[in-house]
file final.txt (compact mmCIF, N, CA and C atoms)
# COMPACT_ATOMS: atom_id res chain seq x y z
N MET A 1 89.23 108.20 111.23
CA MET A 1 88.90 107.65 112.52
C MET A 1 90.12 107.70 113.43
N SER A 2 89.98 108.28 114.61
CA SER A 2 91.13 108.39 115.52
C SER A 2 91.23 107.13 116.37
N ARG A 3 92.44 106.80 116.77
CA ARG A 3 92.67 105.63 117.59
C ARG A 3 92.58 106.04 119.05
N GLN A 4 91.48 105.68 119.69
CA GLN A 4 91.30 106.04 121.09
C GLN A 4 91.89 105.01 122.04
N SER A 5 91.71 103.74 121.73
CA SER A 5 92.21 102.69 122.61
C SER A 5 92.26 101.37 121.87
N ARG A 6 92.85 100.37 122.53
CA ARG A 6 92.91 99.03 121.96
C ARG A 6 92.87 98.02 123.09
N TRP A 7 92.41 96.82 122.76
CA TRP A 7 92.36 95.73 123.73
C TRP A 7 93.63 94.89 123.60
N THR A 8 94.21 94.54 124.76
CA THR A 8 95.45 93.77 124.79
C THR A 8 95.25 92.53 125.65
N ARG A 9 95.64 91.38 125.14
CA ARG A 9 95.57 90.13 125.90
C ARG A 9 96.67 90.15 126.96
N VAL A 10 96.31 89.81 128.21
CA VAL A 10 97.33 89.83 129.26
C VAL A 10 97.60 88.48 129.91
N THR A 11 96.59 87.64 130.09
CA THR A 11 96.82 86.33 130.71
C THR A 11 95.59 85.46 130.58
N GLN A 12 95.75 84.18 130.81
CA GLN A 12 94.62 83.26 130.84
C GLN A 12 93.89 83.42 132.17
N CYS A 13 92.59 83.26 132.15
CA CYS A 13 91.77 83.43 133.35
C CYS A 13 92.25 82.57 134.52
N GLU A 14 92.61 81.32 134.22
CA GLU A 14 93.00 80.42 135.31
C GLU A 14 94.31 80.82 135.99
N ASN A 15 95.04 81.78 135.44
CA ASN A 15 96.28 82.24 136.07
C ASN A 15 96.03 83.19 137.24
N ILE A 16 94.78 83.63 137.40
CA ILE A 16 94.45 84.54 138.50
C ILE A 16 93.39 83.86 139.36
N PRO A 17 93.78 83.33 140.53
CA PRO A 17 92.82 82.65 141.40
C PRO A 17 91.70 83.59 141.87
N LEU A 18 90.57 82.99 142.21
CA LEU A 18 89.42 83.73 142.70
C LEU A 18 89.79 84.59 143.90
N ARG A 19 89.35 85.86 143.88
CA ARG A 19 89.55 86.85 144.94
C ARG A 19 91.02 87.18 145.16
N GLU A 20 91.84 87.06 144.11
CA GLU A 20 93.25 87.42 144.19
C GLU A 20 93.62 88.29 143.00
N GLY A 21 94.80 88.88 143.08
CA GLY A 21 95.33 89.69 141.99
C GLY A 21 96.67 89.16 141.53
N ARG A 22 97.03 89.55 140.32
CA ARG A 22 98.34 89.20 139.77
C ARG A 22 98.89 90.41 139.02
N ALA A 23 100.20 90.59 139.11
CA ALA A 23 100.87 91.67 138.39
C ALA A 23 101.15 91.21 136.96
N VAL A 24 100.91 92.11 136.01
CA VAL A 24 101.26 91.87 134.61
C VAL A 24 101.98 93.11 134.09
N ILE A 25 102.94 92.89 133.22
CA ILE A 25 103.67 94.00 132.61
C ILE A 25 103.15 94.17 131.19
N VAL A 26 102.70 95.37 130.89
CA VAL A 26 102.20 95.69 129.55
C VAL A 26 102.99 96.89 129.05
N ASP A 27 103.86 96.64 128.09
CA ASP A 27 104.68 97.70 127.50
C ASP A 27 105.41 98.53 128.56
N GLY A 28 106.00 97.83 129.52
CA GLY A 28 106.79 98.49 130.56
C GLY A 28 105.98 99.05 131.71
N LYS A 29 104.67 98.97 131.67
CA LYS A 29 103.81 99.46 132.75
C LYS A 29 103.26 98.28 133.52
N GLU A 30 103.37 98.33 134.84
CA GLU A 30 102.89 97.22 135.67
C GLU A 30 101.44 97.46 136.10
N LEU A 31 100.58 96.50 135.75
CA LEU A 31 99.18 96.55 136.12
C LEU A 31 98.88 95.42 137.09
N ALA A 32 97.83 95.60 137.90
CA ALA A 32 97.33 94.55 138.78
C ALA A 32 95.97 94.13 138.25
N VAL A 33 95.81 92.85 137.95
CA VAL A 33 94.55 92.32 137.43
C VAL A 33 93.96 91.42 138.51
N PHE A 34 92.69 91.64 138.84
CA PHE A 34 92.02 90.93 139.93
C PHE A 34 90.85 90.09 139.41
N ASN A 35 90.70 88.90 139.99
CA ASN A 35 89.59 88.00 139.67
C ASN A 35 88.56 88.12 140.79
N LEU A 36 87.42 88.73 140.50
CA LEU A 36 86.38 88.89 141.50
C LEU A 36 85.29 87.81 141.38
N GLY A 37 85.51 86.84 140.54
CA GLY A 37 84.55 85.76 140.38
C GLY A 37 83.58 86.03 139.24
N ASP A 38 82.88 87.17 139.31
CA ASP A 38 81.93 87.50 138.25
C ASP A 38 82.56 88.35 137.17
N ARG A 39 83.75 88.86 137.43
CA ARG A 39 84.47 89.67 136.44
C ARG A 39 85.90 89.91 136.90
N PHE A 40 86.71 90.45 135.98
CA PHE A 40 88.09 90.82 136.26
C PHE A 40 88.17 92.33 136.25
N LEU A 41 88.98 92.90 137.14
CA LEU A 41 89.21 94.34 137.18
C LEU A 41 90.71 94.59 137.16
N ALA A 42 91.12 95.72 136.58
CA ALA A 42 92.55 96.03 136.46
C ALA A 42 92.81 97.48 136.87
N VAL A 43 93.88 97.66 137.62
CA VAL A 43 94.34 98.99 138.04
C VAL A 43 95.86 99.02 137.94
N GLU A 44 96.38 100.20 138.02
CA GLU A 44 97.83 100.38 138.09
C GLU A 44 98.32 99.67 139.36
N ASN A 45 99.43 98.96 139.29
CA ASN A 45 99.91 98.13 140.41
C ASN A 45 100.82 98.92 141.36
N ARG A 46 100.36 100.07 141.78
CA ARG A 46 101.19 100.90 142.66
C ARG A 46 100.27 101.72 143.55
N CYS A 47 100.28 101.43 144.85
CA CYS A 47 99.46 102.19 145.79
C CYS A 47 99.93 103.65 145.77
N PRO A 48 98.99 104.61 145.74
CA PRO A 48 99.40 106.02 145.70
C PRO A 48 100.05 106.51 147.00
N HIS A 49 99.96 105.74 148.06
CA HIS A 49 100.54 106.16 149.34
C HIS A 49 102.06 106.02 149.33
N ARG A 50 102.56 104.80 149.23
CA ARG A 50 104.00 104.54 149.25
C ARG A 50 104.46 103.57 148.18
N GLY A 51 103.62 103.36 147.17
CA GLY A 51 104.02 102.51 146.06
C GLY A 51 103.90 101.02 146.28
N GLY A 52 103.16 100.61 147.28
CA GLY A 52 102.98 99.17 147.55
C GLY A 52 102.36 98.44 146.38
N PRO A 53 102.70 97.15 146.20
CA PRO A 53 102.16 96.36 145.09
C PRO A 53 100.72 95.94 145.37
N LEU A 54 99.76 96.57 144.73
CA LEU A 54 98.36 96.28 144.97
C LEU A 54 98.00 94.84 144.62
N SER A 55 98.71 94.25 143.65
CA SER A 55 98.43 92.87 143.26
C SER A 55 98.67 91.89 144.41
N ASP A 56 99.44 92.27 145.40
CA ASP A 56 99.72 91.42 146.57
C ASP A 56 98.74 91.70 147.71
N GLY A 57 97.82 92.64 147.51
CA GLY A 57 96.89 93.00 148.57
C GLY A 57 95.75 92.02 148.74
N ILE A 58 94.97 92.23 149.78
CA ILE A 58 93.81 91.39 150.08
C ILE A 58 92.59 92.01 149.43
N VAL A 59 91.86 91.21 148.65
CA VAL A 59 90.65 91.69 147.99
C VAL A 59 89.50 91.62 149.00
N SER A 60 88.79 92.75 149.11
CA SER A 60 87.64 92.84 150.01
C SER A 60 86.50 93.50 149.23
N GLY A 61 85.54 92.69 148.78
CA GLY A 61 84.46 93.22 147.95
C GLY A 61 85.02 93.69 146.62
N ARG A 62 84.81 94.97 146.30
CA ARG A 62 85.33 95.58 145.07
C ARG A 62 86.55 96.45 145.36
N GLN A 63 87.22 96.18 146.48
CA GLN A 63 88.39 96.95 146.89
C GLN A 63 89.57 96.03 147.14
N VAL A 64 90.76 96.61 147.12
CA VAL A 64 91.96 95.88 147.50
C VAL A 64 92.62 96.66 148.63
N VAL A 65 93.14 95.92 149.61
CA VAL A 65 93.83 96.53 150.74
C VAL A 65 95.32 96.43 150.46
N CYS A 66 95.99 97.58 150.41
CA CYS A 66 97.43 97.60 150.13
C CYS A 66 98.18 96.82 151.22
N PRO A 67 99.12 95.95 150.82
CA PRO A 67 99.84 95.14 151.81
C PRO A 67 100.82 95.92 152.68
N LEU A 68 101.16 97.15 152.32
CA LEU A 68 102.13 97.90 153.11
C LEU A 68 101.52 98.66 154.28
N HIS A 69 100.49 99.46 154.02
CA HIS A 69 99.94 100.32 155.08
C HIS A 69 98.42 100.31 155.14
N ALA A 70 97.81 99.30 154.54
CA ALA A 70 96.36 99.05 154.62
C ALA A 70 95.49 100.13 153.99
N TRP A 71 96.01 100.87 153.03
CA TRP A 71 95.13 101.77 152.29
C TRP A 71 94.19 100.92 151.46
N ARG A 72 92.94 101.36 151.31
CA ARG A 72 91.95 100.65 150.50
C ARG A 72 91.76 101.40 149.18
N VAL A 73 91.86 100.67 148.08
CA VAL A 73 91.70 101.25 146.75
C VAL A 73 90.53 100.56 146.06
N CYS A 74 89.62 101.35 145.50
CA CYS A 74 88.48 100.82 144.75
C CYS A 74 88.98 100.27 143.42
N LEU A 75 88.66 99.02 143.14
CA LEU A 75 89.12 98.39 141.90
C LEU A 75 88.31 98.83 140.69
N GLU A 76 87.15 99.42 140.91
CA GLU A 76 86.31 99.84 139.78
C GLU A 76 86.77 101.16 139.18
N ASP A 77 87.22 102.10 140.01
CA ASP A 77 87.61 103.40 139.47
C ASP A 77 88.99 103.89 139.94
N GLY A 78 89.67 103.13 140.80
CA GLY A 78 91.01 103.50 141.25
C GLY A 78 91.06 104.49 142.39
N SER A 79 89.92 104.91 142.92
CA SER A 79 89.92 105.90 144.00
C SER A 79 90.35 105.28 145.32
N VAL A 80 90.95 106.11 146.18
CA VAL A 80 91.31 105.67 147.52
C VAL A 80 90.06 105.78 148.38
N VAL A 81 89.69 104.67 149.00
CA VAL A 81 88.50 104.62 149.84
C VAL A 81 88.86 104.86 151.30
N LYS A 82 90.02 104.36 151.72
CA LYS A 82 90.48 104.54 153.09
C LYS A 82 91.98 104.77 153.06
N PRO A 83 92.49 105.79 153.67
CA PRO A 83 91.78 106.76 154.49
C PRO A 83 90.88 107.67 153.64
N ALA A 84 89.70 107.93 154.14
CA ALA A 84 88.67 108.67 153.40
C ALA A 84 89.08 110.09 153.03
N GLU A 85 89.90 110.71 153.84
CA GLU A 85 90.28 112.10 153.57
C GLU A 85 91.29 112.24 152.42
N GLN A 86 91.85 111.12 151.95
CA GLN A 86 92.81 111.16 150.86
C GLN A 86 92.12 111.27 149.51
N LYS A 87 92.59 112.13 148.67
CA LYS A 87 92.03 112.32 147.33
C LYS A 87 92.92 111.67 146.27
N ALA A 88 93.82 110.80 146.68
CA ALA A 88 94.72 110.12 145.75
C ALA A 88 93.98 109.02 145.01
N CYS A 89 94.58 108.53 143.93
CA CYS A 89 93.98 107.44 143.16
C CYS A 89 95.02 106.80 142.26
N VAL A 90 94.62 105.68 141.64
CA VAL A 90 95.44 105.01 140.65
C VAL A 90 94.62 104.88 139.37
N ALA A 91 95.29 104.69 138.27
CA ALA A 91 94.59 104.51 137.00
C ALA A 91 93.86 103.17 137.01
N SER A 92 92.67 103.15 136.42
CA SER A 92 91.92 101.91 136.28
C SER A 92 91.74 101.62 134.80
N TYR A 93 91.58 100.35 134.47
CA TYR A 93 91.50 99.92 133.08
C TYR A 93 90.30 99.00 132.89
N ARG A 94 89.63 99.13 131.77
CA ARG A 94 88.52 98.24 131.44
C ARG A 94 89.06 96.86 131.10
N THR A 95 88.26 95.85 131.41
CA THR A 95 88.66 94.48 131.10
C THR A 95 87.51 93.74 130.42
N ARG A 96 87.86 92.65 129.76
CA ARG A 96 86.88 91.72 129.21
C ARG A 96 87.58 90.37 129.07
N VAL A 97 86.77 89.32 128.96
CA VAL A 97 87.31 87.98 128.79
C VAL A 97 86.86 87.46 127.42
N GLU A 98 87.83 86.96 126.66
CA GLU A 98 87.56 86.39 125.34
C GLU A 98 88.26 85.04 125.25
N SER A 99 87.47 84.00 125.07
CA SER A 99 88.02 82.64 124.92
C SER A 99 88.96 82.27 126.06
N GLY A 100 88.60 82.62 127.28
CA GLY A 100 89.41 82.28 128.44
C GLY A 100 90.63 83.16 128.67
N ILE A 101 90.75 84.25 127.92
CA ILE A 101 91.88 85.17 128.05
C ILE A 101 91.38 86.51 128.59
N VAL A 102 92.06 87.04 129.64
CA VAL A 102 91.73 88.36 130.16
C VAL A 102 92.37 89.39 129.25
N CYS A 103 91.57 90.35 128.80
CA CYS A 103 92.05 91.45 127.96
C CYS A 103 91.85 92.76 128.71
N VAL A 104 92.78 93.69 128.53
CA VAL A 104 92.72 95.00 129.17
C VAL A 104 92.70 96.06 128.08
N GLN A 105 91.85 97.06 128.25
CA GLN A 105 91.79 98.16 127.28
C GLN A 105 92.82 99.21 127.66
N LEU A 106 93.69 99.52 126.71
CA LEU A 106 94.79 100.47 126.92
C LEU A 106 94.68 101.65 125.97
N PRO A 107 95.23 102.79 126.37
CA PRO A 107 95.29 103.91 125.43
C PRO A 107 96.07 103.52 124.18
N ALA A 108 95.81 104.18 123.08
CA ALA A 108 96.41 103.83 121.79
C ALA A 108 97.93 103.84 121.81
N GLN A 109 98.57 104.67 122.61
CA GLN A 109 100.03 104.76 122.56
C GLN A 109 100.73 103.58 123.24
N GLN A 110 100.00 102.77 124.04
CA GLN A 110 100.61 101.60 124.64
C GLN A 110 100.41 100.40 123.74
N HIS A 111 101.30 99.43 123.83
CA HIS A 111 101.22 98.24 123.00
C HIS A 111 101.15 97.02 123.88
N GLY A 112 100.77 95.91 123.34
CA GLY A 112 100.53 94.70 124.10
C GLY A 112 101.79 93.97 124.50
N VAL A 113 101.61 92.97 125.33
CA VAL A 113 102.69 92.11 125.77
C VAL A 113 103.27 91.41 124.55
N GLY A 114 104.54 91.55 124.32
CA GLY A 114 105.18 90.92 123.17
C GLY A 114 104.67 91.46 121.84
N GLY A 115 104.06 92.65 121.87
CA GLY A 115 103.58 93.26 120.65
C GLY A 115 102.26 92.67 120.15
N VAL A 116 101.62 91.76 120.92
CA VAL A 116 100.37 91.15 120.50
C VAL A 116 99.22 92.00 121.01
N THR A 117 98.45 92.55 120.11
CA THR A 117 97.31 93.36 120.50
C THR A 117 96.09 92.96 119.70
N GLU A 118 94.95 93.32 120.23
CA GLU A 118 93.69 93.08 119.54
C GLU A 118 93.45 94.26 118.59
N PRO A 119 92.54 94.10 117.64
CA PRO A 119 92.18 95.21 116.78
C PRO A 119 91.58 96.35 117.60
N GLU A 120 91.71 97.53 117.07
CA GLU A 120 91.18 98.72 117.74
C GLU A 120 89.68 98.58 117.97
N ILE A 121 89.24 99.03 119.14
CA ILE A 121 87.82 99.04 119.47
C ILE A 121 87.40 100.50 119.61
N ALA A 122 86.48 100.93 118.79
CA ALA A 122 85.99 102.30 118.89
C ALA A 122 85.08 102.38 120.11
N ASP A 123 85.33 103.31 120.99
CA ASP A 123 84.54 103.47 122.19
C ASP A 123 84.28 104.96 122.37
N PRO A 124 83.03 105.38 122.47
CA PRO A 124 82.73 106.80 122.59
C PRO A 124 83.18 107.39 123.92
N THR A 125 83.40 106.55 124.94
CA THR A 125 83.85 107.05 126.24
C THR A 125 85.35 106.87 126.33
N PRO A 126 86.12 107.96 126.45
CA PRO A 126 87.57 107.81 126.57
C PRO A 126 87.94 106.96 127.78
N LEU A 127 89.02 106.21 127.68
CA LEU A 127 89.47 105.32 128.74
C LEU A 127 89.65 106.07 130.05
N ALA A 128 90.22 107.24 130.02
CA ALA A 128 90.49 107.99 131.25
C ALA A 128 89.22 108.40 131.97
N ALA A 129 88.09 108.39 131.29
CA ALA A 129 86.84 108.81 131.92
C ALA A 129 86.45 107.87 133.05
N ARG A 130 86.97 106.65 133.10
CA ARG A 130 86.66 105.70 134.16
C ARG A 130 87.44 106.00 135.43
N SER A 131 88.49 106.73 135.34
CA SER A 131 89.36 106.92 136.49
C SER A 131 88.86 108.03 137.39
N ALA A 132 88.88 107.76 138.70
CA ALA A 132 88.51 108.77 139.68
C ALA A 132 89.56 109.87 139.75
N CYS A 133 90.72 109.65 139.13
CA CYS A 133 91.81 110.62 139.15
C CYS A 133 91.53 111.84 138.27
N MET A 134 90.67 111.66 137.29
CA MET A 134 90.47 112.71 136.30
C MET A 134 89.31 113.63 136.69
N PRO A 135 89.49 114.95 136.59
CA PRO A 135 88.38 115.86 136.83
C PRO A 135 87.35 115.71 135.73
N LYS A 136 86.09 115.96 136.05
CA LYS A 136 85.04 115.87 135.05
C LYS A 136 85.12 117.07 134.13
N PRO A 137 85.16 116.83 132.80
CA PRO A 137 85.27 117.94 131.87
C PRO A 137 83.97 118.72 131.77
N VAL A 138 84.12 120.01 131.53
CA VAL A 138 82.98 120.88 131.28
C VAL A 138 82.91 121.09 129.78
N PRO A 139 81.76 120.81 129.15
CA PRO A 139 81.68 120.96 127.69
C PRO A 139 82.13 122.34 127.23
N GLY A 140 82.97 122.36 126.20
CA GLY A 140 83.45 123.61 125.64
C GLY A 140 84.60 124.24 126.41
N GLN A 141 85.11 123.55 127.41
CA GLN A 141 86.18 124.11 128.23
C GLN A 141 87.36 123.14 128.26
N ASP A 142 88.58 123.65 128.08
CA ASP A 142 89.76 122.80 128.14
C ASP A 142 90.08 122.50 129.60
N LEU A 143 90.61 121.29 129.85
CA LEU A 143 91.01 120.92 131.20
C LEU A 143 92.35 121.52 131.54
N GLU A 144 92.48 122.01 132.74
CA GLU A 144 93.77 122.48 133.24
C GLU A 144 94.11 121.63 134.45
N LEU A 145 95.22 120.92 134.39
CA LEU A 145 95.61 120.07 135.49
C LEU A 145 96.54 120.81 136.43
N GLU A 146 96.31 120.61 137.71
CA GLU A 146 97.17 121.24 138.71
C GLU A 146 98.45 120.43 138.84
N PRO A 147 99.59 121.09 139.08
CA PRO A 147 100.82 120.33 139.27
C PRO A 147 100.74 119.48 140.54
N ALA A 148 101.39 118.32 140.51
CA ALA A 148 101.38 117.43 141.67
C ALA A 148 102.17 118.04 142.81
N ALA A 149 101.66 117.86 144.01
CA ALA A 149 102.37 118.36 145.19
C ALA A 149 103.56 117.46 145.46
N GLY A 150 104.68 118.03 145.79
CA GLY A 150 105.90 117.27 145.99
C GLY A 150 106.03 116.76 147.32

call {"tool": "encode", "arguments": {"input": "final.txt", "output": "C-alpha cells"}}
result
Amino acid sequence: MSRQSRWTRVTQCENIPLREGRAVIVDGKELAVFNLGDRFLAVENRCPHRGGPLSDGIVSGRQVVCPLHAWRVCLEDGSVVKPAEQKACVASYRTRVESGIVCVQLPAQQHGVGGVTEPEIADPTPLAARSACMPKPVPGQDLELEPAAG
C-alpha cells in the first residue's frame, strides 16, 4: 500500500474566529486555515500575485481577498477569481474536524506540527487533484508541466 497522504492536527477550532483565517506552520510550510462557519478550508498562505498573507485577508463567501492588492482567491480550490484573466493559483488542502481540532490533509512527504500526525488515510483521489493549479490528467498519458514564467 502506497502512502498517498496523511491527516495532521493544526489547531483547535476556537482558535480561528468565524469568517476569519489564521496562519499555521506545518513542517516549514505556511498554510492559511479559514473558519467559514459550516466548515474549515485551508490554502497556501501566499497570494500568487505578490506573496501577500492570505490569512490576513477578508473572507467573502468562499473566497478571501488578499490584503495587499485585493486579488480574490477561491478557498475551495485555490484558483484566482479576480482579476479574472489571471490563471494563477495557490495549493488547497482538505480539512476535517475531529474532537474540536482542525486537521489538514497533507502529502505523505510532509510531517505534522511537532511531528504529531494522524494515521495514514487511504484516499483514491490524490490530494493535488483538488487544486485548480494542476492540469487534468489524460488516462494513459504522463503529465508534462510547463516551466514557470519568470

call {"tool": "closest_residue", "arguments": {"input": "final.txt", "among": "A:Asp77, A:Asp38, A:Arg9, A:Val59", "to": "Gly21 in chain A", "atoms": "all atoms listed in the file"}}
result
A:Val59

call {"tool": "closest_residue", "arguments": {"input": "final.txt", "among": "A:Val43, A:Val65, A:Leu75, A:Ala108", "to": "Ser92 in chain A", "atoms": "only C-alpha atoms"}}
result
A:Val43

call {"tool": "residues_around", "arguments": {"input": "final.txt", "residues": "Gln105 in chain A", "least_positions_apart": "3", "cutoff": "7 Å", "atoms": "only C-alpha atoms", "output": "ChimeraX atom specification"}}
result
/A:5-8,93-95

call {"tool": "closest_residue", "arguments": {"input": "final.txt", "among": "A:Pro107, A:Leu68, A:Val97, A:Val81", "to": "Leu41 in chain A", "atoms": "only C-alpha atoms"}}
result
A:Val97

call {"tool": "closest_residue", "arguments": {"input": "final.txt", "among": "A:Ala23, A:Val102, A:Val90, A:Val10", "to": "Asp56 in chain A", "atoms": "only N, CA and C atoms"}}
result
A:Ala23

call {"tool": "atom_distance", "arguments": {"input": "final.txt", "atom1": "CA of Arg39 in chain A", "atom2": "CA of Gln63 in chain A"}}
result
13.3 Å

call {"tool": "axis_aligned_box", "arguments": {"input": "final.txt", "around": "range 8-16 of chain A", "padding_each_side": "5 Å", "output": "JSON"}}
result
{"center_x": 94.7, "center_y": 87.5, "center_z": 132.1, "size_x": 15.8, "size_y": 24.1, "size_z": 24.6}

call {"tool": "residues_around", "arguments": {"input": "final.txt", "residues": "Glu30 in chain A", "least_positions_apart": "5", "cutoff": "7 Å", "atoms": "all atoms listed in the file", "output": "PyMOL selection string"}}
result
chain A and resi 23-25+43-46

call {"tool": "closest_residue", "arguments": {"input": "final.txt", "among": "A:Leu106, A:Cys47, A:Cys66, A:Gly57", "to": "Cys89 in chain A", "atoms": "all atoms listed in the file"}}
result
A:Cys47

call {"tool": "select_by_dssp", "arguments": {"input": "final.txt", "residues": "range 18-129 of chain A", "states": "strand (DSSP E)", "output": "tab-separated table (two decimals) with N, CA and C atoms, keeping the file's coordinate frame"}}
result
chain	number	residue	atom	x	y	z
A	21	GLY	N	94.80	88.88	143.08
A	21	GLY	CA	95.33	89.69	141.99
A	21	GLY	C	96.67	89.16	141.53
A	22	ARG	N	97.03	89.55	140.32
A	22	ARG	CA	98.34	89.20	139.77
A	22	ARG	C	98.89	90.41	139.02
A	23	ALA	N	100.20	90.59	139.11
A	23	ALA	CA	100.87	91.67	138.39
A	23	ALA	C	101.15	91.21	136.96
A	24	VAL	N	100.91	92.11	136.01
A	24	VAL	CA	101.26	91.87	134.61
A	24	VAL	C	101.98	93.11	134.09
A	25	ILE	N	102.94	92.89	133.22
A	25	ILE	CA	103.67	94.00	132.61
A	25	ILE	C	103.15	94.17	131.19
A	26	VAL	N	102.70	95.37	130.89
A	26	VAL	CA	102.20	95.69	129.55
A	26	VAL	C	102.99	96.89	129.05
A	29	LYS	N	104.67	98.97	131.67
A	29	LYS	CA	103.81	99.46	132.75
A	29	LYS	C	103.26	98.28	133.52
A	30	GLU	N	103.37	98.33	134.84
A	30	GLU	CA	102.89	97.22	135.67
A	30	GLU	C	101.44	97.46	136.10
A	31	LEU	N	100.58	96.50	135.75
A	31	LEU	CA	99.18	96.55	136.12
A	31	LEU	C	98.88	95.42	137.09
A	32	ALA	N	97.83	95.60	137.90
A	32	ALA	CA	97.33	94.55	138.78
A	32	ALA	C	95.97	94.13	138.25
A	33	VAL	N	95.81	92.85	137.95
A	33	VAL	CA	94.55	92.32	137.43
A	33	VAL	C	93.96	91.42	138.51
A	34	PHE	N	92.69	91.64	138.84
A	34	PHE	CA	92.02	90.93	139.93
A	34	PHE	C	90.85	90.09	139.41
A	35	ASN	N	90.70	88.90	139.99
A	35	ASN	CA	89.59	88.00	139.67
A	35	ASN	C	88.56	88.12	140.79
A	40	PHE	N	86.71	90.45	135.98
A	40	PHE	CA	88.09	90.82	136.26
A	40	PHE	C	88.17	92.33	136.25
A	41	LEU	N	88.98	92.90	137.14
A	41	LEU	CA	89.21	94.34	137.18
A	41	LEU	C	90.71	94.59	137.16
A	42	ALA	N	91.12	95.72	136.58
A	42	ALA	CA	92.55	96.03	136.46
A	42	ALA	C	92.81	97.48	136.87
A	43	VAL	N	93.88	97.66	137.62
A	43	VAL	CA	94.34	98.99	138.04
A	43	VAL	C	95.86	99.02	137.94
A	44	GLU	N	96.38	100.20	138.02
A	44	GLU	CA	97.83	100.38	138.09
A	44	GLU	C	98.32	99.67	139.36
A	58	ILE	N	94.97	92.23	149.78
A	58	ILE	CA	93.81	91.39	150.08
A	58	ILE	C	92.59	92.01	149.43
A	59	VAL	N	91.86	91.21	148.65
A	59	VAL	CA	90.65	91.69	147.99
A	59	VAL	C	89.50	91.62	149.00
A	60	SER	N	88.79	92.75	149.11
A	60	SER	CA	87.64	92.84	150.01
A	60	SER	C	86.50	93.50	149.23
A	63	GLN	N	87.22	96.18	146.48
A	63	GLN	CA	88.39	96.95	146.89
A	63	GLN	C	89.57	96.03	147.14
A	64	VAL	N	90.76	96.61	147.12
A	64	VAL	CA	91.96	95.88	147.50
A	64	VAL	C	92.62	96.66	148.63
A	65	VAL	N	93.14	95.92	149.61
A	65	VAL	CA	93.83	96.53	150.74
A	65	VAL	C	95.32	96.43	150.46
A	72	ARG	N	92.94	101.36	151.31
A	72	ARG	CA	91.95	100.65	150.50
A	72	ARG	C	91.76	101.40	149.18
A	73	VAL	N	91.86	100.67	148.08
A	73	VAL	CA	91.70	101.25	146.75
A	73	VAL	C	90.53	100.56	146.06
A	74	CYS	N	89.62	101.35	145.50
A	74	CYS	CA	88.48	100.82	144.75
A	74	CYS	C	88.98	100.27	143.42
A	80	VAL	N	90.95	106.11	146.18
A	80	VAL	CA	91.31	105.67	147.52
A	80	VAL	C	90.06	105.78	148.38
A	81	VAL	N	89.69	104.67	149.00
A	81	VAL	CA	88.50	104.62	149.84
A	81	VAL	C	88.86	104.86	151.30
A	82	LYS	N	90.02	104.36	151.72
A	82	LYS	CA	90.48	104.54	153.09
A	82	LYS	C	91.98	104.77	153.06
A	92	SER	N	92.67	103.15	136.42
A	92	SER	CA	91.92	101.91	136.28
A	92	SER	C	91.74	101.62	134.80
A	93	TYR	N	91.58	100.35	134.47
A	93	TYR	CA	91.50	99.92	133.08
A	93	TYR	C	90.30	99.00	132.89
A	95	THR	N	88.26	95.85	131.41
A	95	THR	CA	88.66	94.48	131.10
A	95	THR	C	87.51	93.74	130.42
A	96	ARG	N	87.86	92.65	129.76
A	96	ARG	CA	86.88	91.72	129.21
A	96	ARG	C	87.58	90.37	129.07
A	97	VAL	N	86.77	89.32	128.96
A	97	VAL	CA	87.31	87.98	128.79
A	97	VAL	C	86.86	87.46	127.42
A	98	GLU	N	87.83	86.96	126.66
A	98	GLU	CA	87.56	86.39	125.34
A	98	GLU	C	88.26	85.04	125.25
A	101	ILE	N	90.75	84.25	127.92
A	101	ILE	CA	91.88	85.17	128.05
A	101	ILE	C	91.38	86.51	128.59
A	102	VAL	N	92.06	87.04	129.64
A	102	VAL	CA	91.73	88.36	130.16
A	102	VAL	C	92.37	89.39	129.25
A	103	CYS	N	91.57	90.35	128.80
A	103	CYS	CA	92.05	91.45	127.96
A	103	CYS	C	91.85	92.76	128.71
A	104	VAL	N	92.78	93.69	128.53
A	104	VAL	CA	92.72	95.00	129.17
A	104	VAL	C	92.70	96.06	128.08
A	105	GLN	N	91.85	97.06	128.25
A	105	GLN	CA	91.79	98.16	127.28
A	105	GLN	C	92.82	99.21	127.66
A	106	LEU	N	93.69	99.52	126.71
A	106	LEU	CA	94.79	100.47	126.92
A	106	LEU	C	94.68	101.65	125.97
A	107	PRO	N	95.23	102.79	126.37
A	107	PRO	CA	95.29	103.91	125.43
A	107	PRO	C	96.07	103.52	124.18

call {"tool": "residues_around", "arguments": {"input": "final.txt", "residues": "Phe34 in chain A", "least_positions_apart": "4", "cutoff": "8 Å", "atoms": "only C-alpha atoms", "output": "MDAnalysis selection string"}}
result
chainID A and resid 16 19:22 40:42 55

call {"tool": "atom_distance", "arguments": {"input": "final.txt", "atom1": "CA of Ala32 in chain A", "atom2": "CA of Glu85 in chain A"}}
result
24.0 Å

call {"tool": "closest_residue", "arguments": {"input": "final.txt", "among": "A:Gly28, A:Lys82, A:Asn35, A:Ile58", "to": "Asn15 in chain A", "atoms": "only C-alpha atoms"}}
result
A:Asn35

call {"tool": "atom_distance", "arguments": {"input": "final.txt", "atom1": "CA of Val73 in chain A", "atom2": "CA of Cys103 in chain A"}}
result
21.2 Å

call {"tool": "select_by_dssp", "arguments": {"input": "final.txt", "residues": "range 9-73 of chain A", "states": "helix (DSSP H, G or I)", "output": "NGL selection string"}}
result
:A and (13-15 or 54-56)

call {"tool": "write_last_selection", "arguments": {"input": "final.txt", "atoms": "N, CA and C atoms", "output": "mmCIF file, in the frame of the given file"}}
result
data_model
loop_
_atom_site.group_PDB
_atom_site.id
_atom_site.type_symbol
_atom_site.label_atom_id
_atom_site.label_comp_id
_atom_site.auth_asym_id
_atom_site.auth_seq_id
_atom_site.Cartn_x
_atom_site.Cartn_y
_atom_site.Cartn_z
ATOM 1 N N CYS A 13 92.590 83.260 132.150
ATOM 2 C CA CYS A 13 91.770 83.430 133.350
ATOM 3 C C CYS A 13 92.250 82.570 134.520
ATOM 4 N N GLU A 14 92.610 81.320 134.220
ATOM 5 C CA GLU A 14 93.000 80.420 135.310
ATOM 6 C C GLU A 14 94.310 80.820 135.990
ATOM 7 N N ASN A 15 95.040 81.780 135.440
ATOM 8 C CA ASN A 15 96.280 82.240 136.070
ATOM 9 C C ASN A 15 96.030 83.190 137.240
ATOM 10 N N LEU A 54 99.760 96.570 144.730
ATOM 11 C CA LEU A 54 98.360 96.280 144.970
ATOM 12 C C LEU A 54 98.000 94.840 144.620
ATOM 13 N N SER A 55 98.710 94.250 143.650
ATOM 14 C CA SER A 55 98.430 92.870 143.260
ATOM 15 C C SER A 55 98.670 91.890 144.410
ATOM 16 N N ASP A 56 99.440 92.270 145.400
ATOM 17 C CA ASP A 56 99.720 91.420 146.570
ATOM 18 C C ASP A 56 98.740 91.700 147.710
#
